[in-house]
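work-v7.cif (mmCIF, C-alpha atoms)
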data_entry
loop_
_atom_site.label_atom_id
_atom_site.label_comp_id
_atom_site.auth_asym_id
_atom_site.auth_seq_id
_atom_site.Cartn_x
_atom_site.Cartn_y
_atom_site.Cartn_z
CA MET O 1 -40.30 9.17 31.28
CA ALA O 2 -36.85 10.44 32.23
CA ALA O 3 -34.22 7.83 33.02
CA THR O 4 -32.87 7.49 36.55
CA GLN O 5 -29.19 7.74 37.41
CA GLU O 6 -28.92 3.94 37.62
CA GLU O 7 -30.60 3.49 34.27
CA ILE O 8 -28.26 6.02 32.65
CA VAL O 9 -25.13 4.35 34.05
CA ALA O 10 -26.40 0.95 32.89
CA GLY O 11 -27.23 2.39 29.47
CA LEU O 12 -23.81 3.99 29.14
CA ALA O 13 -22.21 0.69 30.15
CA GLU O 14 -24.05 -1.09 27.34
CA ILE O 15 -23.05 1.61 24.83
CA VAL O 16 -19.39 1.61 25.88
CA ASN O 17 -19.37 -2.18 25.73
CA GLU O 18 -20.81 -2.17 22.21
CA ILE O 19 -18.53 0.57 20.84
CA ALA O 20 -15.23 -0.05 22.64
CA GLY O 21 -15.63 -3.68 23.75
CA ILE O 22 -15.09 -2.81 27.42
CA PRO O 23 -16.89 -5.18 29.86
CA ALA O 24 -20.07 -3.42 31.01
CA GLU O 25 -19.29 -4.07 34.68
CA ASP O 26 -16.13 -1.94 34.37
CA VAL O 27 -18.18 1.12 33.47
CA GLN O 28 -18.60 2.84 36.85
CA VAL O 29 -19.36 6.48 37.66
CA ASP O 30 -15.81 7.24 38.84
CA LYS O 31 -14.18 5.82 35.71
CA SER O 32 -12.54 8.15 33.16
CA PHE O 33 -13.54 7.33 29.58
CA THR O 34 -10.05 7.98 28.24
CA ASP O 35 -7.76 6.90 31.09
CA ASP O 36 -9.67 3.95 32.59
CA LEU O 37 -11.91 2.66 29.81
CA ASP O 38 -9.67 3.20 26.77
CA VAL O 39 -12.36 5.15 24.92
CA ASP O 40 -10.43 7.47 22.59
CA SER O 41 -11.68 10.85 21.37
CA LEU O 42 -13.32 9.42 18.23
CA SER O 43 -15.00 6.51 20.04
CA MET O 44 -16.21 9.11 22.56
CA VAL O 45 -18.12 10.80 19.72
CA GLU O 46 -19.79 7.46 18.93
CA VAL O 47 -20.65 6.98 22.62
CA VAL O 48 -22.12 10.48 22.76
CA VAL O 49 -24.24 10.01 19.63
CA ALA O 50 -25.54 6.65 20.91
CA ALA O 51 -26.33 8.24 24.29
CA GLU O 52 -28.15 11.12 22.58
CA GLU O 53 -30.43 8.64 20.82
CA ARG O 54 -30.97 6.44 23.81
CA PHE O 55 -31.70 9.18 26.35
CA ASP O 56 -33.28 11.78 24.02
CA VAL O 57 -30.74 14.46 24.86
CA LYS O 58 -28.54 16.78 22.78
CA ILE O 59 -24.84 16.89 23.67
CA PRO O 60 -23.09 19.58 21.56
CA ASP O 61 -19.43 19.14 20.55
CA ASP O 62 -18.39 21.94 22.91
CA ASP O 63 -19.79 20.04 25.89
CA VAL O 64 -18.31 16.66 24.95
CA LYS O 65 -14.82 17.65 26.09
CA ASN O 66 -16.13 18.32 29.62
CA LEU O 67 -17.43 14.77 29.97
CA LYS O 68 -14.32 13.17 31.45
CA THR O 69 -15.90 10.44 33.55
CA VAL O 70 -18.96 8.21 33.35
CA GLY O 71 -20.31 10.28 36.26
CA ASP O 72 -19.88 13.52 34.27
CA ALA O 73 -21.84 12.04 31.38
CA THR O 74 -24.52 10.65 33.70
CA ASN O 75 -25.02 14.00 35.41
CA TYR O 76 -25.13 15.80 32.06
CA ILE O 77 -27.80 13.46 30.74
CA LEU O 78 -29.80 13.66 34.01
CA LYS O 79 -29.80 17.45 33.76
CA HIS O 80 -30.52 17.77 30.05
CA GLN O 81 -32.81 14.87 29.18
CA SER O 82 -36.25 15.87 27.97
CA MET C 1 -36.52 42.59 -30.11
CA THR C 2 -36.00 39.27 -28.44
CA SER C 3 -34.48 36.87 -30.98
CA LYS C 4 -34.98 33.14 -30.80
CA ILE C 5 -31.77 31.61 -29.45
CA LYS C 6 -30.73 28.20 -30.68
CA PRO C 7 -29.71 25.98 -27.74
CA ALA C 8 -26.58 23.80 -27.72
CA LYS C 9 -27.08 20.16 -28.63
CA GLY C 10 -26.16 18.02 -25.68
CA HIS C 11 -26.20 14.34 -24.88
CA PRO C 12 -28.89 12.57 -22.88
CA TYR C 13 -26.46 11.09 -20.36
CA ALA C 14 -22.84 11.13 -19.19
CA ARG C 15 -20.51 8.64 -17.56
CA ILE C 16 -16.92 8.25 -16.41
CA LEU C 17 -14.92 6.81 -19.30
CA GLY C 18 -11.42 6.66 -17.86
CA VAL C 19 -9.47 7.19 -14.66
CA GLY C 20 -5.82 7.95 -13.88
CA GLY C 21 -3.73 8.69 -10.83
CA TYR C 22 -0.32 9.96 -9.82
CA ARG C 23 1.29 9.31 -6.44
CA PRO C 24 4.56 11.08 -5.64
CA THR C 25 7.61 8.81 -5.55
CA ARG C 26 8.60 9.56 -1.95
CA VAL C 27 6.77 7.36 0.56
CA VAL C 28 6.70 8.82 4.06
CA PRO C 29 6.16 6.31 6.90
CA ASN C 30 4.81 7.25 10.33
CA GLU C 31 8.35 6.99 11.75
CA GLU C 32 9.33 10.09 9.80
CA ILE C 33 6.34 12.04 11.16
CA LEU C 34 7.35 11.04 14.69
CA LYS C 35 10.55 13.10 14.40
CA HIS C 36 8.36 16.19 14.78
CA ILE C 37 5.60 15.17 17.20
CA ASP C 38 5.34 13.30 20.49
CA SER C 39 3.20 10.36 19.37
CA SER C 40 3.58 6.75 18.24
CA ASP C 41 3.01 4.62 15.17
CA GLU C 42 0.33 2.71 17.10
CA TRP C 43 -1.47 5.95 18.08
CA ILE C 44 -1.46 7.29 14.51
CA ARG C 45 -2.68 3.98 13.08
CA SER C 46 -5.43 3.57 15.69
CA ARG C 47 -6.73 7.14 15.23
CA SER C 48 -6.49 7.35 11.44
CA GLY C 49 -5.60 4.00 9.90
CA ILE C 50 -2.72 5.72 8.11
CA ALA C 51 0.60 3.87 7.84
CA THR C 52 2.28 5.76 5.00
CA ARG C 53 1.60 8.67 2.70
CA HIS C 54 3.27 10.11 -0.42
CA TRP C 55 4.84 13.56 -0.24
CA ALA C 56 5.74 15.42 -3.40
CA GLY C 57 9.25 16.56 -4.22
CA PRO C 58 10.16 19.90 -5.83
CA GLU C 59 9.60 18.55 -9.35
CA GLU C 60 6.24 17.02 -8.48
CA THR C 61 4.30 20.25 -8.76
CA VAL C 62 0.51 20.53 -8.87
CA ALA C 63 0.75 20.89 -12.65
CA ALA C 64 3.25 18.05 -13.13
CA MET C 65 1.23 15.56 -11.06
CA SER C 66 -1.94 16.63 -12.87
CA VAL C 67 -0.41 16.11 -16.31
CA GLU C 68 0.61 12.56 -15.30
CA ALA C 69 -2.80 11.67 -13.89
CA GLY C 70 -4.72 13.47 -16.63
CA GLY C 71 -2.73 11.80 -19.40
CA LYS C 72 -3.45 8.36 -17.95
CA ALA C 73 -7.17 9.13 -17.64
CA ILE C 74 -7.36 10.30 -21.26
CA ALA C 75 -5.57 7.15 -22.46
CA ASP C 76 -7.80 4.98 -20.25
CA ALA C 77 -10.88 6.61 -21.80
CA GLY C 78 -9.63 5.67 -25.25
CA ILE C 79 -9.77 9.20 -26.61
CA THR C 80 -7.12 11.69 -27.72
CA PRO C 81 -6.23 14.88 -25.82
CA ASP C 82 -7.66 17.14 -28.54
CA GLN C 83 -11.13 15.71 -27.90
CA ILE C 84 -11.20 17.22 -24.39
CA GLY C 85 -13.57 20.20 -24.38
CA ALA C 86 -13.16 21.32 -20.78
CA VAL C 87 -10.61 20.85 -17.99
CA ILE C 88 -11.79 21.31 -14.39
CA VAL C 89 -9.15 21.28 -11.65
CA SER C 90 -10.07 21.10 -7.99
CA THR C 91 -7.27 22.07 -5.61
CA VAL C 92 -6.61 24.08 -2.45
CA SER C 93 -2.84 23.75 -2.59
CA HIS C 94 -1.78 25.51 -5.76
CA PHE C 95 -0.44 28.79 -4.45
CA LYS C 96 -0.43 30.88 -7.60
CA GLN C 97 -4.07 31.75 -8.17
CA THR C 98 -3.63 33.63 -11.43
CA PRO C 99 -3.80 32.25 -14.03
CA ALA C 100 -5.84 29.17 -13.17
CA ILE C 101 -3.53 26.13 -13.16
CA ALA C 102 -6.11 24.27 -15.30
CA THR C 103 -4.97 26.27 -18.34
CA GLU C 104 -1.32 25.16 -18.00
CA ILE C 105 -2.38 21.55 -17.39
CA ALA C 106 -4.64 21.62 -20.46
CA HIS C 107 -1.83 23.04 -22.58
CA ARG C 108 0.77 20.53 -21.37
CA LEU C 109 -1.64 17.67 -22.07
CA GLY C 110 -1.97 18.81 -25.67
CA THR C 111 -5.69 19.36 -25.42
CA GLY C 112 -5.85 22.32 -27.78
CA LYS C 113 -8.05 25.14 -26.54
CA PRO C 114 -10.57 23.66 -24.09
CA ALA C 115 -12.43 25.66 -21.46
CA ALA C 116 -10.18 25.38 -18.40
CA PHE C 117 -10.75 26.57 -14.86
CA ASP C 118 -10.04 25.80 -11.20
CA ILE C 119 -12.58 25.18 -8.47
CA SER C 120 -12.18 25.28 -4.71
CA ALA C 121 -14.38 22.79 -2.90
CA GLY C 122 -11.92 21.13 -0.54
CA CYS C 123 -12.39 17.41 -0.09
CA ALA C 124 -15.71 17.55 -1.99
CA GLY C 125 -13.91 18.95 -5.04
CA PHE C 126 -14.04 15.76 -7.07
CA GLY C 127 -17.82 15.45 -6.68
CA TYR C 128 -18.29 19.12 -7.49
CA GLY C 129 -16.14 18.76 -10.62
CA LEU C 130 -17.92 15.57 -11.68
CA THR C 131 -21.29 17.29 -11.34
CA LEU C 132 -20.14 20.24 -13.44
CA ALA C 133 -18.71 17.87 -16.07
CA LYS C 134 -21.97 15.95 -16.35
CA GLY C 135 -23.85 19.24 -16.75
CA LEU C 136 -21.54 20.49 -19.49
CA ILE C 137 -21.94 17.27 -21.48
CA VAL C 138 -25.70 17.00 -21.09
CA GLU C 139 -26.16 20.69 -21.86
CA GLY C 140 -23.87 20.51 -24.88
CA SER C 141 -20.96 22.77 -23.91
CA ALA C 142 -18.38 19.99 -24.08
CA GLU C 143 -18.15 16.46 -25.44
CA TYR C 144 -15.45 15.19 -23.11
CA VAL C 145 -14.43 16.76 -19.79
CA LEU C 146 -11.28 16.10 -17.78
CA VAL C 147 -11.91 16.39 -14.03
CA LEU C 148 -8.82 16.56 -11.84
CA GLY C 149 -8.39 16.54 -8.07
CA VAL C 150 -4.83 17.45 -7.14
CA GLU C 151 -3.17 18.41 -3.87
CA ARG C 152 0.22 19.06 -2.30
CA LEU C 153 -1.15 19.11 1.23
CA SER C 154 2.34 18.53 2.65
CA ASP C 155 2.82 22.23 1.89
CA LEU C 156 -0.10 23.05 4.20
CA THR C 157 0.84 20.65 7.01
CA ASP C 158 2.01 21.85 10.42
CA LEU C 159 4.58 19.17 11.23
CA THR C 160 4.44 20.09 14.93
CA ASP C 161 0.65 19.67 15.28
CA ARG C 162 0.19 16.17 16.66
CA ALA C 163 -3.47 16.12 15.59
CA THR C 164 -2.83 16.69 11.88
CA ALA C 165 0.90 16.18 11.14
CA PHE C 166 0.31 12.56 10.05
CA LEU C 167 -2.93 13.13 8.18
CA PHE C 168 -2.21 14.64 4.80
CA GLY C 169 -0.71 13.36 1.58
CA ASP C 170 -0.01 14.56 -1.93
CA GLY C 171 -1.17 13.28 -5.31
CA ALA C 172 -3.42 13.73 -8.31
CA GLY C 173 -6.45 11.79 -9.50
CA ALA C 174 -8.32 12.32 -12.75
CA VAL C 175 -11.33 11.09 -14.67
CA VAL C 176 -12.58 11.70 -18.18
CA VAL C 177 -16.34 12.18 -18.37
CA GLY C 178 -18.10 11.78 -21.69
CA PRO C 179 -21.43 11.04 -23.38
CA ALA C 180 -23.28 7.80 -22.66
CA LYS C 181 -26.33 5.91 -23.87
CA GLU C 182 -27.38 5.06 -20.31
CA PRO C 183 -27.06 7.22 -17.16
CA GLY C 184 -23.58 6.62 -15.68
CA ILE C 185 -23.64 9.38 -13.09
CA GLY C 186 -26.63 9.72 -10.80
CA PRO C 187 -28.16 12.84 -9.30
CA THR C 188 -25.71 14.68 -7.04
CA VAL C 189 -26.66 15.39 -3.45
CA TRP C 190 -24.45 18.33 -2.60
CA GLY C 191 -24.37 21.39 -0.42
CA SER C 192 -22.50 23.57 2.01
CA GLU C 193 -22.73 24.43 5.69
CA GLY C 194 -20.95 27.76 6.04
CA ASP C 195 -21.89 28.05 9.70
CA LYS C 196 -19.24 25.36 10.27
CA SER C 197 -16.48 27.14 8.32
CA ASN C 198 -14.12 27.08 11.30
CA THR C 199 -14.30 23.28 11.65
CA ILE C 200 -11.66 22.68 8.97
CA MET C 201 -9.65 25.64 7.74
CA GLN C 202 -6.37 27.25 6.84
CA THR C 203 -4.93 28.71 10.04
CA GLU C 204 -3.94 32.07 8.54
CA SER C 205 -4.84 34.09 5.47
CA TRP C 206 -1.97 34.69 3.04
CA GLU C 207 -2.52 38.37 3.83
CA VAL C 208 -0.49 37.93 7.02
CA PHE C 209 2.59 38.06 4.80
CA LYS C 210 1.45 41.27 3.15
CA ASP C 211 0.74 42.94 6.48
CA ALA C 212 3.70 41.63 8.46
CA GLN C 213 6.52 43.96 9.46
CA ASP C 214 8.87 41.05 10.05
CA ARG C 215 8.13 37.99 7.94
CA ASN C 216 10.07 35.73 10.26
CA GLU C 217 7.45 36.32 12.94
CA VAL C 218 4.58 35.19 10.72
CA ARG C 219 3.47 31.60 10.99
CA TYR C 220 3.17 29.86 7.64
CA PRO C 221 -0.46 28.80 7.06
CA ALA C 222 -1.50 25.20 7.62
CA ILE C 223 -4.73 23.23 7.62
CA THR C 224 -6.25 22.68 11.03
CA GLN C 225 -9.43 20.94 12.12
CA GLU C 226 -11.61 20.16 15.12
CA GLY C 227 -11.28 16.39 15.10
CA GLN C 228 -14.33 15.38 17.13
CA ALA C 229 -16.67 17.82 15.37
CA VAL C 230 -15.44 16.68 11.95
CA PHE C 231 -15.81 13.03 12.93
CA ARG C 232 -19.39 13.48 14.14
CA TRP C 233 -20.42 15.45 11.06
CA ALA C 234 -18.67 13.10 8.64
CA VAL C 235 -20.00 9.87 10.12
CA TYR C 236 -23.56 10.79 10.96
CA GLU C 237 -24.53 13.69 8.69
CA MET C 238 -22.64 12.37 5.65
CA ALA C 239 -24.19 8.92 6.06
CA LYS C 240 -27.56 10.64 5.54
CA VAL C 241 -26.24 12.40 2.44
CA ALA C 242 -24.87 9.13 1.08
CA GLN C 243 -28.25 7.46 1.65
CA GLN C 244 -29.99 10.32 -0.19
CA ALA C 245 -27.63 9.84 -3.15
CA LEU C 246 -28.57 6.14 -3.26
CA ASP C 247 -32.29 6.96 -2.99
CA GLN C 248 -32.17 9.62 -5.71
CA ALA C 249 -30.30 7.25 -8.03
CA GLY C 250 -32.86 4.54 -7.30
CA VAL C 251 -30.11 2.17 -6.21
CA GLN C 252 -30.52 -0.10 -3.20
CA ALA C 253 -27.53 -0.71 -0.92
CA GLU C 254 -27.85 -4.42 -1.81
CA ASP C 255 -27.23 -3.59 -5.48
CA LEU C 256 -24.09 -1.57 -4.77
CA ASP C 257 -20.70 -3.08 -5.70
CA VAL C 258 -18.30 -0.43 -4.41
CA PHE C 259 -18.20 2.37 -1.83
CA ILE C 260 -15.60 5.10 -2.39
CA PRO C 261 -15.82 7.67 0.39
CA HIS C 262 -13.36 10.55 0.60
CA GLN C 263 -10.23 9.02 2.17
CA ALA C 264 -10.13 11.24 5.25
CA ASN C 265 -9.57 8.75 8.01
CA MET C 266 -10.13 4.98 8.33
CA ARG C 267 -12.17 5.49 11.51
CA ILE C 268 -14.60 7.73 9.62
CA ILE C 269 -14.83 5.15 6.81
CA ASP C 270 -15.49 2.28 9.27
CA SER C 271 -18.12 4.21 11.19
CA MET C 272 -19.83 5.42 8.00
CA ILE C 273 -20.18 1.81 6.80
CA LYS C 274 -21.77 0.92 10.14
CA THR C 275 -24.12 3.91 10.12
CA LEU C 276 -25.09 3.29 6.48
CA LYS C 277 -25.56 -0.44 7.21
CA LEU C 278 -23.74 -1.32 3.98
CA PRO C 279 -23.94 -5.02 3.07
CA GLU C 280 -20.73 -7.01 3.50
CA HIS C 281 -20.37 -7.75 -0.21
CA VAL C 282 -19.73 -4.06 -0.97
CA THR C 283 -16.04 -3.39 -1.69
CA VAL C 284 -14.86 -0.40 0.34
CA ALA C 285 -11.98 1.87 -0.71
CA ARG C 286 -9.34 1.97 2.04
CA ASP C 287 -6.63 3.80 0.16
CA VAL C 288 -6.08 6.18 3.10
CA GLU C 289 -3.83 3.56 4.74
CA SER C 290 -1.06 4.07 2.20
CA THR C 291 -1.97 7.44 0.69
CA GLY C 292 -3.16 9.57 3.63
CA ASN C 293 -5.79 12.24 3.11
CA THR C 294 -5.27 13.85 -0.31
CA SER C 295 -8.45 15.97 -0.25
CA ALA C 296 -9.85 16.47 -3.76
CA ALA C 297 -7.55 13.78 -5.19
CA SER C 298 -8.60 11.00 -2.81
CA ILE C 299 -11.68 9.61 -4.57
CA PRO C 300 -10.22 9.30 -8.10
CA LEU C 301 -6.96 7.94 -6.64
CA ALA C 302 -8.87 5.32 -4.67
CA MET C 303 -11.02 4.52 -7.71
CA GLU C 304 -7.95 4.04 -9.88
CA ARG C 305 -6.35 1.70 -7.34
CA LEU C 306 -9.49 -0.41 -6.85
CA LEU C 307 -9.71 -0.94 -10.62
CA ALA C 308 -5.97 -1.49 -11.08
CA THR C 309 -5.84 -4.14 -8.34
CA GLY C 310 -8.96 -5.93 -9.54
CA GLN C 311 -10.90 -5.19 -6.34
CA ALA C 312 -13.43 -3.42 -8.54
CA LYS C 313 -14.21 -3.84 -12.22
CA SER C 314 -15.52 -1.79 -15.11
CA GLY C 315 -19.29 -1.50 -14.99
CA ASP C 316 -19.51 -1.83 -11.22
CA THR C 317 -21.94 0.48 -9.45
CA ALA C 318 -20.17 2.72 -6.94
CA LEU C 319 -21.33 5.20 -4.34
CA VAL C 320 -18.91 8.13 -4.04
CA ILE C 321 -19.02 10.84 -1.40
CA GLY C 322 -16.67 13.74 -0.69
CA PHE C 323 -16.86 16.01 2.34
CA GLY C 324 -14.62 18.57 3.94
CA ALA C 325 -13.63 22.19 4.50
CA GLY C 326 -16.51 24.60 4.01
CA LEU C 327 -18.06 22.55 5.23
CA VAL C 328 -19.05 21.16 1.82
CA TYR C 329 -20.17 17.79 0.54
CA ALA C 330 -21.14 15.97 -2.67
CA ALA C 331 -22.38 12.40 -3.12
CA THR C 332 -23.53 10.47 -6.17
CA VAL C 333 -23.76 6.99 -7.64
CA VAL C 334 -21.58 6.22 -10.67
CA THR C 335 -20.83 3.38 -13.04
CA LEU C 336 -17.11 2.65 -12.87
CA PRO C 337 -15.12 3.07 -16.08
#
Please render this file's structure as structure tokens.
Amino acid sequence: MAATQEEIVAGLAEIVNEIAGIPAEDVQVDKSFTDDLDVDSLSMVEVVVAAEERFDVKIPDDDVKNLKTVGDATNYILKHQS
Amino acid sequence: MTSKIKPAKGHPYARILGVGGYRPTRVVPNEEILKHIDSSDEWIRSRSGIATRHWAGPEETVAAMSVEAGGKAIADAGITPDQIGAVIVSTVSHFKQTPAIATEIAHRLGTGKPAAFDISAGCAGFGYGLTLAKGLIVEGSAEYVLVLGVERLSDLTDLTDRATAFLFGDGAGAVVVGPAKEPGIGPTVWGSEGDKSNTIMQTESWEVFKDAQDRNEVRYPAITQEGQAVFRWAVYEMAKVAQQALDQAGVQAEDLDVFIPHQANMRIIDSMIKTLKLPEHVTVARDVESTGNTSAASIPLAMERLLATGQAKSGDTALVIGFGAGLVYAATVVTLP
């Protein structure tokens, strides 16, 4: 069953916490991965790969650069999850 | 009529018998790179793990560095130069394609008249050369083979590109491969993914100089890469290749002593270890910190340093994997010399 928006945000929070050590509660939809959460471009790849596995979705390299905020990633996953 | 052809007499197995390296004398710290790009030492270290690299001077040519490294490897193997039956040189930064630089290196090493040729397999060049060497020995075309990875990547570095200016280094690494009673080099898992040829590449063909009306308007070629795409491929796809190399060699991760990945970037190395779930007791080569990315030279250079510093010892079982422009890759399990 497809994940809801809340489940995706919570899942991303867990992933970002595990990969970048950012407290999960800081991971909110309006937060920028790079500017607010200190997730650099390489950690972003790890976040994306973990999200792909968790939400059964493919996020090609070309689309990764458009995922600026947690909200962008959440919407992308909502739209593309199978 | 079809005559019966007598096959060459080869050896059952091959192994690495000696290793040697050459690092240029000039050490270039991040501070020097920062004269050309808007960045910081902290940024470079956090993205790549690189603190310093060696850049070759005018006298430290591809041939000169190779002769130094090759000579050390031959001495380390306990053989004499005239016993070398083939010299394989992997490089992307020797700019005179004809004749192959391997012939000059072989001559300067005093090897007599071995087969000598260059290969182009980017950062997988060492693994490609090692695989060829093993084949030559087992098939019977050579008794001892010198495999060299050598680069002057500073010549192909765009000092104004903040994504790559700090990345590359120069140097030469060599091994001598010879016959063995037991298998010392496992099956190679290798391949290419030409659909990703733009991921890491030389910005311009040398033909731009031939075609240019005004040479001052032509940009000198440099190596460029798509960082995120390379990172994803290297960490996740190459971890699978590394696992296949372990499986095909029949070696469990628990039984591994050393992991020598291509020294591309410390972040790639750290993430690969995590993805591969390597046990903590495995010694990991982290030569990139002080050597930068030296492409085909990185694995033998790292191997030489691990052995020289006592972090690894002769007889240890090591997983080696190279990956880079092509995209190409090669992984195998070896017994250290």
> Could you write out as a list in words the residues that the PyMOL selection byres ((chain O and resi 79) around 12) matches in the shown file?
Replying inline: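 Written out, the selection comes to Ala2, Ala3, Thr4, Gln5, Ile8, Phe55, Asp56, Val57, Lys58, Ile59, Asp72, Ala73, Thr74, Asn75, Tyr76, Ile77, Leu78, His80, Gln81 and Ser82 of chain O.
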> Can you tell me, as a ChimeraX atom specification, what residues are no more than 6 Å from range 207-222 of chain C when counting only C-alpha atoms, ignoring any on the same chain fewer than 3 positions away?
Replying inline: /C:156-158,202-204
> So which residues fall inside 12 Å of (-1.7, 28.5, -11.8) if we count all atoms listed in the file? Mind giving them as a list in words?
Replying inline: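 Checked against the point, the hits come out as Thr61, Val62, Ala63, Ala64, Ser66, Val89, Ser90, Thr91, Val92, Ser93, His94, Phe95, Lys96, Gln97, Thr98, Pro99, Ala100, Ile101, Ala102, Thr103, Glu104, Ile105, Ala106, Ala116, Phe117, Asp118 and Ile119 of chain C.
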>> Could you list, as a VMD selection string, every residue within 9 Å of Thr294 in chain C, counting all atoms listed in the file and ignoring same-chain residues fewer than 4 positions away?
In response: chain C and resid 123 149 to 153 167 to 172 262 to 264 288 298 to 299 301
>> Residues near Pro29 in chain C, anyone? I mean within 10 Å using only C-alpha atoms, not counting same-chain ones fewer than 4 positions away, as a list in words.
In response: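 Counting only C-alpha atoms, the residues come to Ile33, Leu34, Asp41, Ile50, Ala51, Thr52, Arg53, His54, Phe166 and Ser290 of chain C.
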>> Using all atoms listed in the file for the distances, tell me which of O:Asp38, O:Ala51, O:Glu46, O:Lys65 is nearest to Asp270 in chain C.
In response: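 Checking each of O:Asp38, O:Ala51, O:Glu46, O:Lys65 against Asp270 in chain C, counting all atoms listed in the file, the winner is O:Glu46.
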>> I need the output of the PyMOL selection byres ((chain O) within 8 of (chain C)) for this file as a PyMOL selection string; which residues are they?
In response: chain O and resi 41-42+45-46+61
>> For the PyMOL selection byres ((chain O and resi 36) around 12), applied here, can you spell out every residue it catches as a list of chain:residue names?
In response: O:Ile22, O:Pro23, O:Asp26, O:Val27, O:Gln28, O:Val29, O:Asp30, O:Lys31, O:Ser32, O:Phe33, O:Thr34, O:Asp35, O:Leu37, O:Asp38, O:Val39, O:Asp40, O:Lys68, O:Thr69, O:Val70
> What is the CA of Glu182 in chain C-CA of Phe259 in chain C distance in Å, reported with one decimal?
Replying inline: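 Interatomic distance here is 20.8 Å.
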>> I'd like the neighbourhood of Lys134 in chain C as an MDAnalysis selection string, where a residue qualifies if any of its atoms comes within 9 Å (using only C-alpha atoms), though same-chain residues fewer than 5 positions away should be ignored.
In response: chainID C and resid 13:15 129 139 145 177:179 185
> Could you work out how far CA of Met44 in chain O lies from CA of Val189 in chain C, giving the answer in Å with one decimal?
Replying inline: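 One can read the CA of Val189 in chain C to CA of Met44 in chain O distance as 28.7 Å.
Interatomic distance, CA of Glu32 in chain C to CA of Gln225 in chain C: 21.8 Å.
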>> I'd like the contact shell of range 275-281 of chain C - 12 Å cut-off, all atoms listed in the file, skipping same-chain residues fewer than 3 positions apart - returned as an NGL selection string.
In response: (:O and (46 or 49-50)) or (:C and (232 or 234-246 or 252-259 or 261 or 268-272 or 284 or 311-312 or 319))
Save the residues we just selected, C-alpha atoms, as a JSON list (two decimals), in the coordinates of the input?
[["chain", "number", "residue", "atom", "x", "y", "z"],
["O", 46, "GLU", "CA", -19.79, 7.46, 18.93],
["O", 49, "VAL", "CA", -24.24, 10.01, 19.63],
["O", 50, "ALA", "CA", -25.54, 6.65, 20.91],
["C", 232, "ARG", "CA", -19.39, 13.48, 14.14],
["C", 234, "ALA", "CA", -18.67, 13.10, 8.64],
["C", 235, "VAL", "CA", -20.00, 9.87, 10.12],
["C", 236, "TYR", "CA", -23.56, 10.79, 10.96],
["C", 237, "GLU", "CA", -24.53, 13.69, 8.69],
["C", 238, "MET", "CA", -22.64, 12.37, 5.65],
["C", 239, "ALA", "CA", -24.19, 8.92, 6.06],
["C", 240, "LYS", "CA", -27.56, 10.64, 5.54],
["C", 241, "VAL", "CA", -26.24, 12.40, 2.44],
["C", 242, "ALA", "CA", -24.87, 9.13, 1.08],
["C", 243, "GLN", "CA", -28.25, 7.46, 1.65],
["C", 244, "GLN", "CA", -29.99, 10.32, -0.19],
["C", 245, "ALA", "CA", -27.63, 9.84, -3.15],
["C", 246, "LEU", "CA", -28.57, 6.14, -3.26],
["C", 252, "GLN", "CA", -30.52, -0.10, -3.20],
["C", 253, "ALA", "CA", -27.53, -0.71, -0.92],
["C", 254, "GLU", "CA", -27.85, -4.42, -1.81],
["C", 255, "ASP", "CA", -27.23, -3.59, -5.48],
["C", 256, "LEU", "CA", -24.09, -1.57, -4.77],
["C", 257, "ASP", "CA", -20.70, -3.08, -5.70],
["C", 258, "VAL", "CA", -18.30, -0.43, -4.41],
["C", 259, "PHE", "CA", -18.20, 2.37, -1.83],
["C", 261, "PRO", "CA", -15.82, 7.67, 0.39],
["C", 268, "ILE", "CA", -14.60, 7.73, 9.62],
["C", 269, "ILE", "CA", -14.83, 5.15, 6.81],
["C", 270, "ASP", "CA", -15.49, 2.28, 9.27],
["C", 271, "SER", "CA", -18.12, 4.21, 11.19],
["C", 272, "MET", "CA", -19.83, 5.42, 8.00],
["C", 284, "VAL", "CA", -14.86, -0.40, 0.34],
["C", 311, "GLN", "CA", -10.90, -5.19, -6.34],
["C", 312, "ALA", "CA", -13.43, -3.42, -8.54],
["C", 319, "LEU", "CA", -21.33, 5.20, -4.34]]
How big is the axis-aligned box around the listed atoms of range 108-117 of chain C once 4 Å is added on each side, and where is its centre? Give both in Å to one decimal, as JSON.
{"center_x": -5.8, "center_y": 22.1, "center_z": -21.3, "size_x": 21.2, "size_y": 16.9, "size_z": 20.9}
Using all atoms listed in the file, can you list as a compact mmCIF listing (two decimals) with C-alpha atoms, keeping the file's coordinate frame the residues within 8 Å of (-10.9, 13.4, -13.1)?
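Saved to result-v5.txt:
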# COMPACT_ATOMS: atom_id res chain seq x y z
CA VAL C 19 -9.47 7.19 -14.66
CA GLY C 20 -5.82 7.95 -13.88
CA GLY C 70 -4.72 13.47 -16.63
CA ALA C 73 -7.17 9.13 -17.64
CA PHE C 126 -14.04 15.76 -7.07
CA GLY C 129 -16.14 18.76 -10.62
CA LEU C 130 -17.92 15.57 -11.68
CA LEU C 146 -11.28 16.10 -17.78
CA VAL C 147 -11.91 16.39 -14.03
CA LEU C 148 -8.82 16.56 -11.84
CA GLY C 149 -8.39 16.54 -8.07
CA GLY C 173 -6.45 11.79 -9.50
CA ALA C 174 -8.32 12.32 -12.75
CA VAL C 175 -11.33 11.09 -14.67
CA VAL C 176 -12.58 11.70 -18.18
CA VAL C 177 -16.34 12.18 -18.37
CA PRO C 300 -10.22 9.30 -8.10
